[in-house]
>>> print(open('model-v7.cif').read())   # mmCIF, C-alpha atoms
data_upload
#
loop_
_atom_site.label_atom_id
_atom_site.label_comp_id
_atom_site.auth_asym_id
_atom_site.auth_seq_id
_atom_site.Cartn_x
_atom_site.Cartn_y
_atom_site.Cartn_z
CA MET A 1 -27.58 -111.85 -127.62
CA HIS A 2 -28.01 -114.91 -129.85
CA PHE A 3 -30.05 -116.60 -127.14
CA SER A 4 -32.73 -113.91 -127.17
CA ILE A 5 -32.89 -113.94 -130.98
CA LEU A 6 -33.19 -117.73 -131.02
CA THR A 7 -35.83 -117.64 -128.31
CA ALA A 8 -37.87 -115.13 -130.32
CA MET A 9 -37.59 -117.28 -133.45
CA VAL A 10 -38.70 -120.40 -131.62
CA LEU A 11 -41.66 -118.54 -130.16
CA VAL A 12 -42.69 -117.28 -133.60
CA CYS A 13 -42.25 -120.72 -135.17
CA SER A 14 -44.03 -122.46 -132.31
CA SER A 15 -47.13 -120.36 -132.84
CA PHE A 16 -47.70 -122.23 -136.13
CA SER A 17 -48.61 -125.87 -135.65
CA ALA A 18 -47.26 -128.53 -137.98
CA PRO A 19 -49.57 -131.28 -139.18
CA ALA A 20 -49.44 -134.27 -136.84
CA VAL A 21 -48.03 -137.16 -138.83
CA ALA A 22 -46.39 -140.38 -137.69
CA ALA A 23 -42.63 -140.38 -138.23
CA GLU A 24 -41.19 -142.52 -141.03
CA ALA A 25 -40.16 -145.89 -139.64
CA ASP A 26 -36.53 -145.51 -140.68
CA LEU A 27 -36.01 -141.97 -139.34
CA THR A 28 -35.23 -141.43 -135.69
CA LEU A 29 -35.87 -138.10 -134.04
CA ALA A 30 -33.91 -136.60 -131.18
CA PRO A 31 -35.34 -137.86 -127.87
CA SER A 32 -36.62 -134.40 -126.90
CA ILE A 33 -38.61 -134.03 -130.15
CA SER A 34 -41.92 -135.87 -130.39
CA PRO A 35 -42.57 -137.56 -133.76
CA ASP A 36 -46.22 -136.53 -133.35
CA HIS A 37 -45.18 -132.91 -133.87
CA ALA A 38 -42.91 -133.41 -136.90
CA THR A 39 -43.70 -134.19 -140.48
CA ASP A 40 -41.82 -134.86 -143.66
CA SER A 41 -41.24 -132.10 -146.19
CA ALA A 42 -43.82 -133.45 -148.67
CA SER A 43 -46.60 -132.37 -146.30
CA TYR A 44 -45.43 -128.77 -146.61
CA CYS A 45 -44.24 -128.70 -150.21
CA THR A 46 -47.54 -129.24 -151.96
CA ASP A 47 -48.52 -127.57 -155.23
CA LYS A 48 -51.14 -125.59 -153.32
CA ALA A 49 -48.56 -124.22 -150.85
CA LYS A 50 -46.16 -123.28 -153.64
CA LYS A 51 -48.90 -121.50 -155.60
CA ALA A 52 -49.99 -119.58 -152.49
CA ASP A 53 -46.52 -118.16 -151.76
CA GLU A 54 -43.59 -117.82 -154.17
CA ARG A 55 -41.16 -118.00 -151.24
CA MET A 56 -42.39 -121.55 -150.72
CA VAL A 57 -41.24 -122.46 -154.24
CA VAL A 58 -37.66 -121.50 -153.31
CA MET A 59 -37.93 -123.13 -149.87
CA CYS A 60 -39.29 -126.39 -151.32
CA ASP A 61 -36.62 -126.41 -154.05
CA MET A 62 -33.97 -126.06 -151.31
CA ILE A 63 -35.51 -128.88 -149.28
CA ASP A 64 -35.65 -131.11 -152.37
CA ALA A 65 -32.04 -130.35 -153.32
CA TRP A 66 -30.81 -131.20 -149.80
CA GLU A 67 -32.82 -134.40 -149.60
CA LYS A 68 -31.45 -135.46 -153.01
CA LEU A 69 -27.91 -134.44 -151.94
CA ASP A 70 -27.73 -132.10 -154.96
CA TRP A 71 -25.29 -129.54 -153.57
CA ASN A 72 -24.84 -127.61 -156.84
CA ARG A 73 -28.59 -127.13 -157.14
CA ALA A 74 -28.86 -126.12 -153.48
CA ALA A 75 -26.20 -123.46 -153.94
CA SER A 76 -27.77 -122.23 -157.19
CA LEU A 77 -30.83 -121.15 -155.19
CA PHE A 78 -28.74 -118.44 -153.49
CA ALA A 79 -28.32 -114.93 -154.86
CA GLU A 80 -24.86 -114.29 -156.33
CA ASP A 81 -23.97 -112.37 -153.13
CA GLY A 82 -26.02 -114.63 -150.84
CA VAL A 83 -24.96 -115.44 -147.29
CA LEU A 84 -25.03 -118.78 -145.46
CA HIS A 85 -24.51 -118.26 -141.74
CA SER A 86 -24.44 -120.99 -139.11
CA MET A 87 -24.43 -118.64 -136.16
CA MET A 88 -21.55 -120.30 -134.36
CA LEU A 89 -19.27 -119.88 -137.42
CA GLU A 90 -18.21 -117.08 -139.70
CA PRO A 91 -20.69 -116.40 -142.51
CA VAL A 92 -20.03 -117.86 -145.95
CA VAL A 93 -20.56 -115.12 -148.53
CA GLY A 94 -21.22 -115.56 -152.23
CA ARG A 95 -22.72 -118.37 -154.27
CA GLU A 96 -19.34 -119.84 -155.24
CA ALA A 97 -18.17 -120.03 -151.61
CA ILE A 98 -21.54 -121.54 -150.60
CA THR A 99 -21.20 -124.11 -153.40
CA GLN A 100 -17.77 -125.11 -152.05
CA ARG A 101 -19.11 -125.38 -148.48
CA PHE A 102 -22.05 -127.54 -149.56
CA ARG A 103 -19.84 -129.80 -151.67
CA GLY A 104 -17.25 -130.18 -148.91
CA VAL A 105 -19.67 -130.87 -146.10
CA GLY A 106 -21.94 -132.92 -148.36
CA SER A 107 -19.12 -135.14 -149.62
CA SER A 108 -19.55 -137.55 -146.69
CA VAL A 109 -23.35 -137.32 -146.40
CA THR A 110 -25.18 -140.37 -147.74
CA ARG A 111 -28.68 -139.46 -146.56
CA PHE A 112 -30.44 -136.30 -145.42
CA ARG A 113 -34.05 -135.61 -144.42
CA PHE A 114 -35.83 -132.64 -142.91
CA ARG A 115 -38.45 -133.43 -140.24
CA ILE A 116 -40.43 -130.21 -140.06
CA LEU A 117 -41.89 -128.91 -136.81
CA ALA A 118 -42.99 -125.50 -138.18
CA LEU A 119 -42.56 -123.59 -141.41
CA ALA A 120 -43.89 -120.05 -141.55
CA PRO A 121 -43.46 -117.14 -143.98
CA VAL A 122 -42.90 -113.88 -142.10
CA GLY A 123 -42.12 -110.73 -144.10
CA ASP A 124 -39.49 -111.60 -146.71
CA ALA A 125 -38.33 -114.58 -144.65
CA ILE A 126 -39.36 -118.15 -143.97
CA PHE A 127 -38.83 -119.49 -140.45
CA PHE A 128 -38.01 -123.18 -140.58
CA GLU A 129 -38.07 -125.14 -137.29
CA ARG A 130 -37.02 -128.72 -137.88
CA VAL A 131 -35.00 -131.76 -136.95
CA ASP A 132 -32.28 -132.64 -139.46
CA VAL A 133 -31.89 -136.40 -139.85
CA PHE A 134 -28.70 -137.51 -141.58
CA GLU A 135 -26.15 -140.20 -142.25
CA ALA A 136 -22.50 -139.39 -142.87
CA ASN A 137 -19.27 -141.28 -142.46
CA GLY A 138 -21.29 -144.38 -141.56
CA HIS A 139 -23.05 -142.68 -138.62
CA SER A 140 -26.62 -141.51 -138.23
CA GLY A 141 -27.65 -138.46 -136.29
CA THR A 142 -30.32 -135.89 -135.61
CA THR A 143 -30.07 -132.22 -134.75
CA PRO A 144 -32.85 -129.77 -133.87
CA VAL A 145 -32.45 -126.58 -135.95
CA VAL A 146 -34.16 -123.25 -136.48
CA GLY A 147 -33.37 -121.67 -139.84
CA VAL A 148 -34.37 -118.30 -141.24
CA LEU A 149 -34.22 -117.89 -145.01
CA GLN A 150 -34.60 -114.42 -146.48
CA ILE A 151 -35.80 -114.70 -150.04
CA LYS A 152 -35.62 -111.75 -152.43
CA GLY A 153 -36.21 -111.81 -156.16
CA GLY A 154 -36.70 -115.58 -156.18
CA LYS A 155 -33.26 -116.26 -154.63
CA ILE A 156 -32.02 -116.84 -151.09
CA ALA A 157 -30.37 -113.61 -149.93
CA SER A 158 -29.43 -115.12 -146.57
CA TRP A 159 -29.88 -118.35 -144.63
CA ARG A 160 -29.22 -118.16 -140.90
CA GLU A 161 -29.05 -121.39 -138.89
CA TYR A 162 -29.30 -121.82 -135.13
CA PHE A 163 -28.39 -125.25 -133.71
CA ASP A 164 -26.19 -126.88 -131.09
CA ARG A 165 -22.99 -127.53 -133.01
CA ALA A 166 -21.48 -129.66 -130.24
CA GLN A 167 -24.51 -131.98 -130.34
CA PHE A 168 -24.30 -132.15 -134.13
CA LEU A 169 -20.62 -133.19 -134.02
CA ARG A 170 -21.26 -135.73 -131.24
CA GLU A 171 -24.14 -137.28 -133.18
CA LEU A 172 -21.88 -138.05 -136.12
CA ARG A 173 -18.70 -138.68 -134.15
CA ILE A 174 -16.76 -136.47 -136.53
CA ASN A 175 -13.94 -134.00 -136.56
CA GLU A 176 -14.57 -130.98 -138.71
CA ASN A 177 -12.58 -128.50 -140.66
CA LEU A 178 -15.27 -126.16 -141.91
CA ASP A 179 -12.66 -123.68 -143.14
CA LYS A 180 -11.78 -126.35 -145.70
CA GLY A 181 -15.39 -127.58 -145.86
CA THR A 182 -14.60 -131.15 -144.84
CA TRP A 183 -15.63 -133.70 -142.24
CA SER A 184 -13.64 -136.70 -141.18
CA PRO A 185 -14.40 -139.60 -138.84
CA ALA A 186 -13.24 -139.09 -135.27
CA HIS A 187 -10.83 -141.70 -133.97
#
>>> encode(input="model-v7.cif", output="structure tokens")
Amino acid sequence: MHFSILTAMVLVCSSFSAPAVAAEADLTLAPSISPDHATDSASYCTDKAKKADERMVVMCDMIDAWEKLDWNRAASLFAEDGVLHSMMLEPVVGREAITQRFRGVGSSVTRFRFRILALAPVGDAIFFERVDVFEANGHSGTTPVVGVLQIKGGKIASWREYFDRAQFLRELRINENLDKGTWSPAH
């Protein structure tokens, strides 16, 4: 079931083309993702884009908070009863629980960048196809992701993420305990 949903999301996102921009020299994309089809978040988060669509204000604030590793600010963008759901895990419900998840997972992250392939408002949602580029526990990694953020009343009501968790863990060579919101280096 998740496969068909993910396939539909990728098809929707792929119908919007991202600006072709050379990748930053210090960011490496996954081998299957061409740097010619990805761009940094600044190309999407312009004043013009934010004025054209209030959902983009929330989306760009979230991107900025993640790239600045500001986990409290990232969580504050969720509705009080908001939901964060990485599809291979149980959903995290409520702003306080989301804050704890972000702080726990973010505690070992020293750098994070979004390389955007497509970003498209659809209904009350924004589809966000990207490659996450990160450093944590002394390791760098990349993971292709499709995210869907539902934004209502200027807050994120839900954020659903679709990515290959096994690849993500291999990239960083980590063990995880997401129930406790922590990562630790694999031995």
>>> resolve_selection(input="model-v7.cif", expression="the PyMOL selection byres ((chain A and resi 56-59) around 8)", output="ChimeraX atom specification")
/A:45,49-51,53-55,60-63,77,126,151,154-156
>>> atom_distance(input="model-v7.cif", atom1="CA of Asp164 (chain A)", atom2="CA of Asp64 (chain A)")
23.7 Å
>>> closest_residue(input="model-v7.cif", among="A:Ala118, A:Leu89, A:Val105, A:Ala52", to="Trp66 (chain A)", atoms="all atoms listed in the file")
A:Val105
>>> atom_distance(input="model-v7.cif", atom1="CA of Gly153 (chain A)", atom2="CA of Arg73 (chain A)")
17.1 Å
>>> resolve_selection(input="model-v7.cif", expression="the PyMOL selection byres ((chain A and resi 143-147) around 8)", output="ChimeraX atom specification")
/A:6,9-10,30,127-133,141-142,148-149,159-164,167-168,171
>>> atom_distance(input="model-v7.cif", atom1="CA of Gly123 (chain A)", atom2="CA of Ala157 (chain A)")
13.4 Å
>>> residues_around(input="model-v7.cif", residues="Ile98 (chain A)", least_positions_apart="5", cutoff="12 Å", atoms="only C-alpha atoms", output="PyMOL selection string")
chain A and resi 71-86+91-93+103-106+156-159+178-181
>>> closest_residue(input="model-v7.cif", among="A:Val122, A:Leu69, A:Val109, A:Ile116", to="Leu172 (chain A)", atoms="only C-alpha atoms")
A:Val109
>>> closest_residue(input="model-v7.cif", among="A:Ala166, A:Asp70, A:Lys152, A:Asp124", to="Phe102 (chain A)", atoms="only C-alpha atoms")
A:Asp70
>>> closest_residue(input="model-v7.cif", among="A:Phe134, A:Phe112, A:Ser140, A:Arg170", to="Lys68 (chain A)", atoms="only C-alpha atoms")
A:Phe112
